[in-house]
Amino acid sequence: MPAVAPSPAAIRSLYPALTAPTILLENAGGSQVPRFVADAVRHHLLNDCVQLGAGYPASVRATETVERAHRLMDRIIHGEGLGRVVLGASSTALMHVLAQAIGRTIRPGDEIVVCDQGHESNIGAWLSLERLGARIRWWKVDPATGSLQLETLRAVLSERTRLVAFPHVSNLLGEIVDAEGATRLAHEAGAKVFIDGVALAPHRAIDVRAWSADFYAWSTYKVYGPHMGAIFCRFDALDDPVHPLEGPNHFFILRSEVPYKFELGGASHEGCAGLCGLARLLEVLAGEAPAEAEVDAASLAASADRVGFETASRAFAAMTALEAPVQSRLLDRLAAHRRVRLVGPRATSTEARVATVSFLHATRDPREIVAAARAAGIGIRHGHMYAHRLVTAMGIAPDPGVVRVSAVHYNTAEEVDRLMDALDPILA
Ligand SMILES: Cc1ncc(COP(=O)(O)O)c(C=O)c1O
């Protein structure tokens with residue numbers, strides 16, 4: 001089938017929630033799901049809602065669904081053969097599971113580098129290792145811009161560094177961090193990297209192979225899927241000869257049984273079914289399947305078995321192309337206001353940032369700005385976005401924090417115009 005990306009209108013029609021009256025520009029908090037995902041969840045719950053591994057037909061199908069979802073996730077992030085994706089209730093929960101596993105290998109004086117630009121999930125989990133003897137070193141942002149510099153990272157690395165935990169994109173600034181550069185420096189120092197890709201994953205294809213990531217996290221409910229978290233764990237990092245890691249699941253589950261050893265009680269079965277439904281969205285966006293919403297369960301499963309990294313790359317390239325004009329429109333219209341201070345990069349390029357845009361106004365309270373948007377039927381938010389340490393480092397009060405507008409591929413420049421037409425009078 002020729003790779004012809006569908007029209008924006010055809011893409012929007014896949015997401016039933018987009019017909020609601022409220023315009024959703026709060027996608028960094030969570031994204032909408034295409035009908036395929038909801039249909040796959042429904043099909044699982046109404047037909048295969050049984051325990052895994054019992055051998056009767058529904059149990060065989062449920063087992064296949066859970067395995068299929070894991071394999072699909074491995075493939076779309078380019079991790080097949082290199083490691084496994086662990087699924088769980090949320091990225092935060094999984095980060096704590098991994099931190100506990102790493103904690104069991106910590107020796108007094110081992111150093112963990114954390115980063116004040118991050119969401120608190122990717123800080124708090126690692127700070128918990130302090131009481132096991134780890135020494136925490138901070139990779140700090142430039143307080144004027146909130147940006148991270150590789151030179152600053154270099155200065156906190158040492159031969160004692162075990163792990164460098166950093167965000168791929170700040171969920172407040174929208175800025176893309178040089179993850180490959182940071183990983184190179186960490187690896188040169190003999191450390192592993194934990195990359196929080198939660199704020200990147202809705203916008204760009206993940207490529208754990210190209211980026212040499214040891215651990216890479218994202219939240220599937222921000223990437224058009226069900227409410228779950230995911231962490232890719234590289235086999236090399238799990239089987240480190242000096243510090244082999246062991247997941248916390250029951251003693252009779254072998255250390256080598258990854259991902260299950262890290263999935264306490266297993267991953268949500270209906271969530272896994274929903275993840276399988278995501279494959280068809282990727283095919284549609286990649287121009288490899290028609291944009292028709294009604295697809296039966298067997299053909300959704302076939303998509304989930306078929307889709308790999310190439311399709312995901314094409315799909316995310318299409319999403320980036322759709323987002324680019326929306327991001328530019330938003331930044332341009334904000335730039336027209338002298339008293340608006342962008343909190344994050346001014347650059348409109350998709351190399352530099354994603355369409356997650358935060359700002360402050362010289363005199364208007366963030367609450368007032370968000371309320372004006374709400375009155376116009378547009379959902380945005382204010383706050384510290386759990387990047388409490390980042391706003392504090394930048395001298396911004398965590399409450400009320402910043403105003404954040406976050407778009408993804410299904411948003412349009414017209415929606416941004418509706419927002420800015422509503423805000424122009426108070427931002428002027
Ligand atoms: C950058 C970033 N990291 C981590 C998280 C936590 O993800 P979860 O809600 O899956 O625990 C979020 C949630 O907003 C986030 O934006």
# chains A, B, ... in the order shown; residues from 1 in each chain; ligands from 1
>>> closest_atom_pairs(of="chain A", to="ligand 1", cutoff="10 Å", atoms="only C-alpha atoms and all ligand atoms", output="JSON lines")
{"residue": "A:Asn27", "atom": "CA", "partner": "ligand 1", "partner_atom_place_in_ligand_line": "14 (O)", "distance": 9.9}
{"residue": "A:Ala28", "atom": "CA", "partner": "ligand 1", "partner_atom_place_in_ligand_line": "16 (O)", "distance": 6.6}
{"residue": "A:Gly29", "atom": "CA", "partner": "ligand 1", "partner_atom_place_in_ligand_line": "14 (O)", "distance": 5.6}
{"residue": "A:Gly30", "atom": "CA", "partner": "ligand 1", "partner_atom_place_in_ligand_line": "14 (O)", "distance": 7.7}
{"residue": "A:Gly88", "atom": "CA", "partner": "ligand 1", "partner_atom_place_in_ligand_line": "10 (O)", "distance": 8.8}
{"residue": "A:Ala89", "atom": "CA", "partner": "ligand 1", "partner_atom_place_in_ligand_line": "10 (O)", "distance": 7.3}
{"residue": "A:Ser90", "atom": "CA", "partner": "ligand 1", "partner_atom_place_in_ligand_line": "10 (O)", "distance": 3.7}
{"residue": "A:Ser91", "atom": "CA", "partner": "ligand 1", "partner_atom_place_in_ligand_line": "10 (O)", "distance": 3.7}
{"residue": "A:Thr92", "atom": "CA", "partner": "ligand 1", "partner_atom_place_in_ligand_line": "11 (O)", "distance": 3.6}
{"residue": "A:Ala93", "atom": "CA", "partner": "ligand 1", "partner_atom_place_in_ligand_line": "11 (O)", "distance": 6.3}
{"residue": "A:Leu94", "atom": "CA", "partner": "ligand 1", "partner_atom_place_in_ligand_line": "11 (O)", "distance": 8.0}
{"residue": "A:Met95", "atom": "CA", "partner": "ligand 1", "partner_atom_place_in_ligand_line": "11 (O)", "distance": 8.4}
{"residue": "A:Gln117", "atom": "CA", "partner": "ligand 1", "partner_atom_place_in_ligand_line": "1 (C)", "distance": 9.4}
{"residue": "A:Gly118", "atom": "CA", "partner": "ligand 1", "partner_atom_place_in_ligand_line": "1 (C)", "distance": 6.5}
{"residue": "A:His119", "atom": "CA", "partner": "ligand 1", "partner_atom_place_in_ligand_line": "3 (N)", "distance": 4.9}
{"residue": "A:Glu120", "atom": "CA", "partner": "ligand 1", "partner_atom_place_in_ligand_line": "4 (C)", "distance": 7.2}
{"residue": "A:Ser121", "atom": "CA", "partner": "ligand 1", "partner_atom_place_in_ligand_line": "4 (C)", "distance": 5.3}
{"residue": "A:Asn122", "atom": "CA", "partner": "ligand 1", "partner_atom_place_in_ligand_line": "4 (C)", "distance": 6.4}
{"residue": "A:Ile123", "atom": "CA", "partner": "ligand 1", "partner_atom_place_in_ligand_line": "4 (C)", "distance": 9.6}
{"residue": "A:Phe166", "atom": "CA", "partner": "ligand 1", "partner_atom_place_in_ligand_line": "1 (C)", "distance": 9.5}
{"residue": "A:Pro167", "atom": "CA", "partner": "ligand 1", "partner_atom_place_in_ligand_line": "1 (C)", "distance": 6.5}
{"residue": "A:His168", "atom": "CA", "partner": "ligand 1", "partner_atom_place_in_ligand_line": "1 (C)", "distance": 8.0}
{"residue": "A:Val169", "atom": "CA", "partner": "ligand 1", "partner_atom_place_in_ligand_line": "1 (C)", "distance": 6.8}
{"residue": "A:Ser170", "atom": "CA", "partner": "ligand 1", "partner_atom_place_in_ligand_line": "1 (C)", "distance": 5.9}
{"residue": "A:Asn171", "atom": "CA", "partner": "ligand 1", "partner_atom_place_in_ligand_line": "1 (C)", "distance": 4.8}
{"residue": "A:Leu172", "atom": "CA", "partner": "ligand 1", "partner_atom_place_in_ligand_line": "16 (O)", "distance": 8.0}
{"residue": "A:Gly174", "atom": "CA", "partner": "ligand 1", "partner_atom_place_in_ligand_line": "1 (C)", "distance": 9.7}
{"residue": "A:Ile195", "atom": "CA", "partner": "ligand 1", "partner_atom_place_in_ligand_line": "3 (N)", "distance": 9.5}
{"residue": "A:Asp196", "atom": "CA", "partner": "ligand 1", "partner_atom_place_in_ligand_line": "3 (N)", "distance": 5.8}
{"residue": "A:Gly197", "atom": "CA", "partner": "ligand 1", "partner_atom_place_in_ligand_line": "1 (C)", "distance": 6.6}
{"residue": "A:Val198", "atom": "CA", "partner": "ligand 1", "partner_atom_place_in_ligand_line": "1 (C)", "distance": 4.7}
{"residue": "A:Ala199", "atom": "CA", "partner": "ligand 1", "partner_atom_place_in_ligand_line": "1 (C)", "distance": 4.7}
{"residue": "A:Leu200", "atom": "CA", "partner": "ligand 1", "partner_atom_place_in_ligand_line": "1 (C)", "distance": 8.0}
{"residue": "A:Ala201", "atom": "CA", "partner": "ligand 1", "partner_atom_place_in_ligand_line": "1 (C)", "distance": 9.6}
{"residue": "A:Ala217", "atom": "CA", "partner": "ligand 1", "partner_atom_place_in_ligand_line": "4 (C)", "distance": 8.0}
{"residue": "A:Trp218", "atom": "CA", "partner": "ligand 1", "partner_atom_place_in_ligand_line": "10 (O)", "distance": 6.9}
{"residue": "A:Ser219", "atom": "CA", "partner": "ligand 1", "partner_atom_place_in_ligand_line": "10 (O)", "distance": 4.5}
{"residue": "A:Thr220", "atom": "CA", "partner": "ligand 1", "partner_atom_place_in_ligand_line": "10 (O)", "distance": 7.5}
{"residue": "A:Tyr221", "atom": "CA", "partner": "ligand 1", "partner_atom_place_in_ligand_line": "10 (O)", "distance": 7.5}
{"residue": "A:Lys222", "atom": "CA", "partner": "ligand 1", "partner_atom_place_in_ligand_line": "10 (O)", "distance": 8.2}
{"residue": "A:His227", "atom": "CA", "partner": "ligand 1", "partner_atom_place_in_ligand_line": "10 (O)", "distance": 7.7}
{"residue": "A:Met228", "atom": "CA", "partner": "ligand 1", "partner_atom_place_in_ligand_line": "10 (O)", "distance": 6.4}
{"residue": "A:Gly229", "atom": "CA", "partner": "ligand 1", "partner_atom_place_in_ligand_line": "10 (O)", "distance": 4.9}
{"residue": "A:Ala230", "atom": "CA", "partner": "ligand 1", "partner_atom_place_in_ligand_line": "10 (O)", "distance": 8.0}
{"residue": "A:Met385", "atom": "CA", "partner": "ligand 1", "partner_atom_place_in_ligand_line": "14 (O)", "distance": 7.0}
{"residue": "A:Tyr386", "atom": "CA", "partner": "ligand 1", "partner_atom_place_in_ligand_line": "14 (O)", "distance": 7.2}
{"residue": "A:Ala387", "atom": "CA", "partner": "ligand 1", "partner_atom_place_in_ligand_line": "1 (C)", "distance": 8.2}
>>> residues_around(residues="range 247-262 of chain A", least_positions_apart="6", cutoff="10 Å", atoms="only C-alpha atoms", output="ChimeraX atom specification")
/A:70,83-88,94,97-98,100-102,231-233,235,238-239
>>> write_last_selection(atoms="N, CA and C atoms", output="mmCIF file, in the first residue's frame")
data_model
loop_
_atom_site.group_PDB
_atom_site.id
_atom_site.type_symbol
_atom_site.label_atom_id
_atom_site.label_comp_id
_atom_site.auth_asym_id
_atom_site.auth_seq_id
_atom_site.Cartn_x
_atom_site.Cartn_y
_atom_site.Cartn_z
ATOM 1 N N HIS A 70 3.354 -6.600 24.781
ATOM 2 C CA HIS A 70 4.764 -6.411 25.155
ATOM 3 C C HIS A 70 5.665 -6.450 23.915
ATOM 4 N N GLY A 83 16.429 -5.611 24.560
ATOM 5 C CA GLY A 83 15.929 -5.548 25.936
ATOM 6 C C GLY A 83 14.442 -5.810 25.900
ATOM 7 N N ARG A 84 13.761 -5.543 27.015
ATOM 8 C CA ARG A 84 12.318 -5.764 27.070
ATOM 9 C C ARG A 84 11.625 -4.553 27.681
ATOM 10 N N VAL A 85 10.378 -4.356 27.282
ATOM 11 C CA VAL A 85 9.561 -3.298 27.872
ATOM 12 C C VAL A 85 8.760 -3.888 29.027
ATOM 13 N N VAL A 86 8.901 -3.256 30.174
ATOM 14 C CA VAL A 86 8.142 -3.617 31.375
ATOM 15 C C VAL A 86 6.930 -2.686 31.422
ATOM 16 N N LEU A 87 5.755 -3.252 31.678
ATOM 17 C CA LEU A 87 4.539 -2.428 31.758
ATOM 18 C C LEU A 87 4.021 -2.389 33.186
ATOM 19 N N GLY A 88 3.385 -1.286 33.547
ATOM 20 C CA GLY A 88 2.860 -1.163 34.912
ATOM 21 C C GLY A 88 1.806 -0.085 34.986
ATOM 22 N N LEU A 94 6.678 2.415 38.078
ATOM 23 C CA LEU A 94 7.763 1.578 37.527
ATOM 24 C C LEU A 94 9.143 2.133 37.878
ATOM 25 N N VAL A 97 9.936 0.849 41.200
ATOM 26 C CA VAL A 97 10.285 -0.585 41.148
ATOM 27 C C VAL A 97 11.738 -0.740 40.694
ATOM 28 N N LEU A 98 12.089 0.000 39.647
ATOM 29 C CA LEU A 98 13.469 -0.104 39.141
ATOM 30 C C LEU A 98 14.468 0.450 40.156
ATOM 31 N N GLN A 100 14.201 0.448 43.323
ATOM 32 C CA GLN A 100 14.394 -0.552 44.396
ATOM 33 C C GLN A 100 15.353 -1.639 43.949
ATOM 34 N N ALA A 101 15.220 -2.066 42.703
ATOM 35 C CA ALA A 101 16.113 -3.122 42.190
ATOM 36 C C ALA A 101 17.554 -2.609 42.162
ATOM 37 N N ILE A 102 17.734 -1.380 41.700
ATOM 38 C CA ILE A 102 19.087 -0.797 41.670
ATOM 39 C C ILE A 102 19.581 -0.607 43.104
ATOM 40 N N ILE A 231 8.598 0.951 30.829
ATOM 41 C CA ILE A 231 10.044 1.216 30.879
ATOM 42 C C ILE A 231 10.763 0.148 30.058
ATOM 43 N N PHE A 232 11.543 0.613 29.083
ATOM 44 C CA PHE A 232 12.420 -0.303 28.357
ATOM 45 C C PHE A 232 13.657 -0.537 29.215
ATOM 46 N N CYS A 233 14.007 -1.802 29.383
ATOM 47 C CA CYS A 233 15.220 -2.158 30.144
ATOM 48 C C CYS A 233 16.134 -2.956 29.227
ATOM 49 N N PHE A 235 18.945 -5.463 28.120
ATOM 50 C CA PHE A 235 19.469 -6.698 28.738
ATOM 51 C C PHE A 235 20.835 -6.456 29.379
ATOM 52 N N LEU A 238 20.447 -4.886 32.695
ATOM 53 C CA LEU A 238 19.886 -5.789 33.713
ATOM 54 C C LEU A 238 20.909 -6.842 34.130
ATOM 55 N N ASP A 239 21.701 -7.289 33.151
ATOM 56 C CA ASP A 239 22.643 -8.387 33.419
ATOM 57 C C ASP A 239 24.055 -7.861 33.633
#
>>> select_by_dssp(residues="range 40-147 of chain A", states="strand (DSSP E)", output="list in words")
Gly83, Arg84, Val85, Val86, Leu87, Gly88, Glu111, Ile112, Val113, Val114, Cys115, Arg135, Ile136, Arg137, Trp138 and Trp139 of chain A
>>> residues_around(residues="range 205-214 of chain A", least_positions_apart="6", cutoff="6 Å", atoms="only C-alpha atoms", output="count of residues only")
8
>>> atom_distance(atom1="CA of His382 in chain A", atom2="CA of Ile426 in chain A")
15.8 Å
>>> select_by_dssp(residues="range 184-394 of chain A", states="helix (DSSP H, G or I)", output="MDAnalysis selection string")
chainID A and resid 184:188 220:222 235:238 260:262 269:285 297:306 309:335 366:375 388:393
>>> write_last_selection(atoms="C-alpha atoms", output="mmCIF file, in the first residue's frame")
data_model
loop_
_atom_site.group_PDB
_atom_site.id
_atom_site.type_symbol
_atom_site.label_atom_id
_atom_site.label_comp_id
_atom_site.auth_asym_id
_atom_site.auth_seq_id
_atom_site.Cartn_x
_atom_site.Cartn_y
_atom_site.Cartn_z
ATOM 1 C CA ARG A 184 27.633 9.381 25.637
ATOM 2 C CA LEU A 185 29.087 11.321 28.587
ATOM 3 C CA ALA A 186 27.454 8.995 31.131
ATOM 4 C CA HIS A 187 28.685 5.888 29.331
ATOM 5 C CA GLU A 188 32.218 7.315 29.093
ATOM 6 C CA THR A 220 1.126 5.068 27.379
ATOM 7 C CA TYR A 221 -1.850 7.220 28.406
ATOM 8 C CA LYS A 222 -0.043 10.237 26.978
ATOM 9 C CA PHE A 235 19.469 -6.698 28.738
ATOM 10 C CA ASP A 236 23.063 -5.446 29.165
ATOM 11 C CA ALA A 237 21.934 -3.112 31.936
ATOM 12 C CA LEU A 238 19.886 -5.789 33.713
ATOM 13 C CA TYR A 260 7.341 -10.361 34.366
ATOM 14 C CA LYS A 261 9.909 -10.272 37.161
ATOM 15 C CA PHE A 262 9.431 -6.468 37.257
ATOM 16 C CA HIS A 269 -4.704 -7.207 30.763
ATOM 17 C CA GLU A 270 -7.273 -4.836 29.290
ATOM 18 C CA GLY A 271 -4.558 -2.189 29.173
ATOM 19 C CA CYS A 272 -2.435 -4.571 27.120
ATOM 20 C CA ALA A 273 -5.397 -5.127 24.801
ATOM 21 C CA GLY A 274 -5.673 -1.343 24.372
ATOM 22 C CA LEU A 275 -1.971 -1.082 23.582
ATOM 23 C CA CYS A 276 -2.469 -3.623 20.809
ATOM 24 C CA GLY A 277 -5.194 -1.361 19.375
ATOM 25 C CA LEU A 278 -2.634 1.400 19.051
ATOM 26 C CA ALA A 279 -0.871 -0.476 16.239
ATOM 27 C CA ARG A 280 -3.682 0.329 13.829
ATOM 28 C CA LEU A 281 -3.414 4.046 14.606
ATOM 29 C CA LEU A 282 0.282 3.902 13.723
ATOM 30 C CA GLU A 283 -0.515 2.124 10.447
ATOM 31 C CA VAL A 284 -3.126 4.735 9.563
ATOM 32 C CA LEU A 285 -0.794 7.631 10.355
ATOM 33 C CA ALA A 297 -10.762 -7.546 16.718
ATOM 34 C CA ALA A 298 -8.912 -10.043 14.522
ATOM 35 C CA SER A 299 -7.667 -7.347 12.218
ATOM 36 C CA LEU A 300 -6.570 -5.154 15.166
ATOM 37 C CA ALA A 301 -4.567 -8.121 16.483
ATOM 38 C CA ALA A 302 -3.048 -8.675 13.032
ATOM 39 C CA SER A 303 -1.918 -5.017 12.994
ATOM 40 C CA ALA A 304 -0.372 -5.471 16.440
ATOM 41 C CA ASP A 305 1.597 -8.480 15.175
ATOM 42 C CA ARG A 306 2.700 -6.618 12.057
ATOM 43 C CA PHE A 309 9.759 0.388 14.273
ATOM 44 C CA GLU A 310 9.582 1.409 10.584
ATOM 45 C CA THR A 311 5.843 1.962 10.741
ATOM 46 C CA ALA A 312 6.150 3.769 14.082
ATOM 47 C CA SER A 313 8.839 6.052 12.617
ATOM 48 C CA ARG A 314 6.669 6.950 9.635
ATOM 49 C CA ALA A 315 3.652 7.497 11.889
ATOM 50 C CA PHE A 316 5.528 9.813 14.257
ATOM 51 C CA ALA A 317 7.079 11.687 11.299
ATOM 52 C CA ALA A 318 3.507 12.338 10.139
ATOM 53 C CA MET A 319 2.540 13.481 13.662
ATOM 54 C CA THR A 320 5.527 15.840 13.796
ATOM 55 C CA ALA A 321 4.570 17.305 10.413
ATOM 56 C CA LEU A 322 1.022 17.903 11.669
ATOM 57 C CA GLU A 323 2.214 19.461 14.928
ATOM 58 C CA ALA A 324 4.812 21.798 13.398
ATOM 59 C CA PRO A 325 2.414 24.484 12.098
ATOM 60 C CA VAL A 326 0.328 24.288 15.286
ATOM 61 C CA GLN A 327 3.424 24.813 17.428
ATOM 62 C CA SER A 328 4.594 27.720 15.256
ATOM 63 C CA ARG A 329 1.194 29.382 15.333
ATOM 64 C CA LEU A 330 1.057 29.202 19.106
ATOM 65 C CA LEU A 331 4.586 30.530 19.582
ATOM 66 C CA ASP A 332 4.070 33.305 17.025
ATOM 67 C CA ARG A 333 0.841 34.472 18.594
ATOM 68 C CA LEU A 334 2.356 34.466 22.076
ATOM 69 C CA ALA A 335 5.415 36.351 20.765
ATOM 70 C CA PRO A 366 -1.910 32.228 35.509
ATOM 71 C CA ARG A 367 -5.246 31.352 37.141
ATOM 72 C CA GLU A 368 -6.905 34.275 35.397
ATOM 73 C CA ILE A 369 -5.479 33.249 32.009
ATOM 74 C CA VAL A 370 -6.592 29.635 32.409
ATOM 75 C CA ALA A 371 -10.054 30.787 33.521
ATOM 76 C CA ALA A 372 -10.370 32.983 30.415
ATOM 77 C CA ALA A 373 -9.534 29.973 28.224
ATOM 78 C CA ARG A 374 -12.045 27.830 30.116
ATOM 79 C CA ALA A 375 -14.755 30.434 29.603
ATOM 80 C CA HIS A 388 8.475 21.687 41.180
ATOM 81 C CA ARG A 389 12.260 21.921 41.406
ATOM 82 C CA LEU A 390 12.524 23.362 37.893
ATOM 83 C CA VAL A 391 10.138 26.244 38.538
ATOM 84 C CA THR A 392 11.805 26.894 41.884
ATOM 85 C CA ALA A 393 15.254 26.954 40.231
#
>>> closest_residue(among="A:Glu292, A:Glu175, A:Ala267, A:Tyr410", to="Ala352 in chain A", atoms="only C-alpha atoms")
A:Glu175
>>> residues_around(residues="range 12-19 of chain A", least_positions_apart="4", cutoff="7 Å", atoms="only C-alpha atoms", output="ChimeraX atom specification")
/A:8,32-35,293,410
>>> write_last_selection(atoms="C-alpha atoms", output="compact mmCIF listing (two decimals), in the first residue's frame")
# COMPACT_ATOMS: atom_id res chain seq x y z
CA PRO A 8 -6.01 15.95 9.43
CA GLN A 32 -7.19 11.05 23.76
CA VAL A 33 -7.53 7.50 22.47
CA PRO A 34 -8.50 6.45 18.96
CA ARG A 35 -11.52 4.20 18.62
CA ALA A 293 -12.68 3.72 12.33
CA TYR A 410 -4.75 16.00 16.31
>>> atom_distance(atom1="CA of Ala289 in chain A", atom2="CA of Glu26 in chain A")
28.3 Å
>>> residues_around(residues="Arg135 in chain A", least_positions_apart="3", cutoff="7 Å", atoms="only C-alpha atoms", output="PyMOL selection string")
chain A and resi 109-112+130
>>> closest_residue(among="A:Ala62, A:Ala99, A:Ala9, A:Leu153", to="Glu246 in chain A", atoms="only C-alpha atoms")
A:Ala99
>>> decode(residues="range 324-346 of chain A", atoms="N, CA and C atoms", output="tab-separated table (two decimals), in the first residue's frame")
chain	number	residue	atom	x	y	z
A	324	ALA	N	3.90	20.67	13.63
A	324	ALA	CA	4.81	21.80	13.40
A	324	ALA	C	4.08	23.13	13.20
A	325	PRO	N	3.08	23.19	12.29
A	325	PRO	CA	2.41	24.48	12.10
A	325	PRO	C	1.60	24.92	13.32
A	326	VAL	N	1.13	23.97	14.09
A	326	VAL	CA	0.33	24.29	15.29
A	326	VAL	C	1.25	24.93	16.33
A	327	GLN	N	2.41	24.31	16.49
A	327	GLN	CA	3.42	24.81	17.43
A	327	GLN	C	3.88	26.22	17.02
A	328	SER	N	4.14	26.40	15.72
A	328	SER	CA	4.59	27.72	15.26
A	328	SER	C	3.52	28.77	15.47
A	329	ARG	N	2.28	28.41	15.18
A	329	ARG	CA	1.19	29.38	15.33
A	329	ARG	C	1.08	29.83	16.79
A	330	LEU	N	1.18	28.89	17.68
A	330	LEU	CA	1.06	29.20	19.11
A	330	LEU	C	2.21	30.11	19.54
A	331	LEU	N	3.42	29.74	19.16
A	331	LEU	CA	4.59	30.53	19.58
A	331	LEU	C	4.54	31.92	18.96
A	332	ASP	N	4.14	32.00	17.70
A	332	ASP	CA	4.07	33.31	17.02
A	332	ASP	C	3.03	34.20	17.69
A	333	ARG	N	1.89	33.63	18.01
A	333	ARG	CA	0.84	34.47	18.59
A	333	ARG	C	1.20	34.90	20.02
A	334	LEU	N	1.90	34.05	20.74
A	334	LEU	CA	2.36	34.47	22.08
A	334	LEU	C	3.43	35.54	21.95
A	335	ALA	N	4.31	35.40	20.94
A	335	ALA	CA	5.41	36.35	20.76
A	335	ALA	C	4.89	37.75	20.44
A	336	ALA	N	3.66	37.83	19.96
A	336	ALA	CA	3.09	39.14	19.62
A	336	ALA	C	2.79	39.95	20.88
A	337	HIS	N	2.86	39.29	22.05
A	337	HIS	CA	2.54	39.99	23.31
A	337	HIS	C	3.82	40.33	24.06
A	338	ARG	N	4.09	41.60	24.15
A	338	ARG	CA	5.30	42.10	24.81
A	338	ARG	C	5.41	41.63	26.25
A	339	ARG	N	4.26	41.52	26.92
A	339	ARG	CA	4.30	41.24	28.35
A	339	ARG	C	4.22	39.74	28.68
A	340	VAL	N	4.27	38.95	27.61
A	340	VAL	CA	4.30	37.49	27.83
A	340	VAL	C	5.74	37.02	27.85
A	341	ARG	N	6.07	36.24	28.88
A	341	ARG	CA	7.41	35.64	28.95
A	341	ARG	C	7.26	34.15	28.69
A	342	LEU	N	7.88	33.70	27.60
A	342	LEU	CA	7.86	32.27	27.30
A	342	LEU	C	8.76	31.57	28.31
A	343	VAL	N	8.30	30.48	28.88
A	343	VAL	CA	9.13	29.71	29.80
A	343	VAL	C	9.53	28.45	29.03
A	344	GLY	N	10.69	28.54	28.37
A	344	GLY	CA	11.10	27.46	27.47
A	344	GLY	C	11.69	28.07	26.22
A	345	PRO	N	12.14	27.23	25.27
A	345	PRO	CA	12.84	27.78	24.10
A	345	PRO	C	11.93	28.60	23.18
A	346	ARG	N	12.48	29.67	22.66
A	346	ARG	CA	11.75	30.51	21.69
A	346	ARG	C	11.67	29.83	20.33
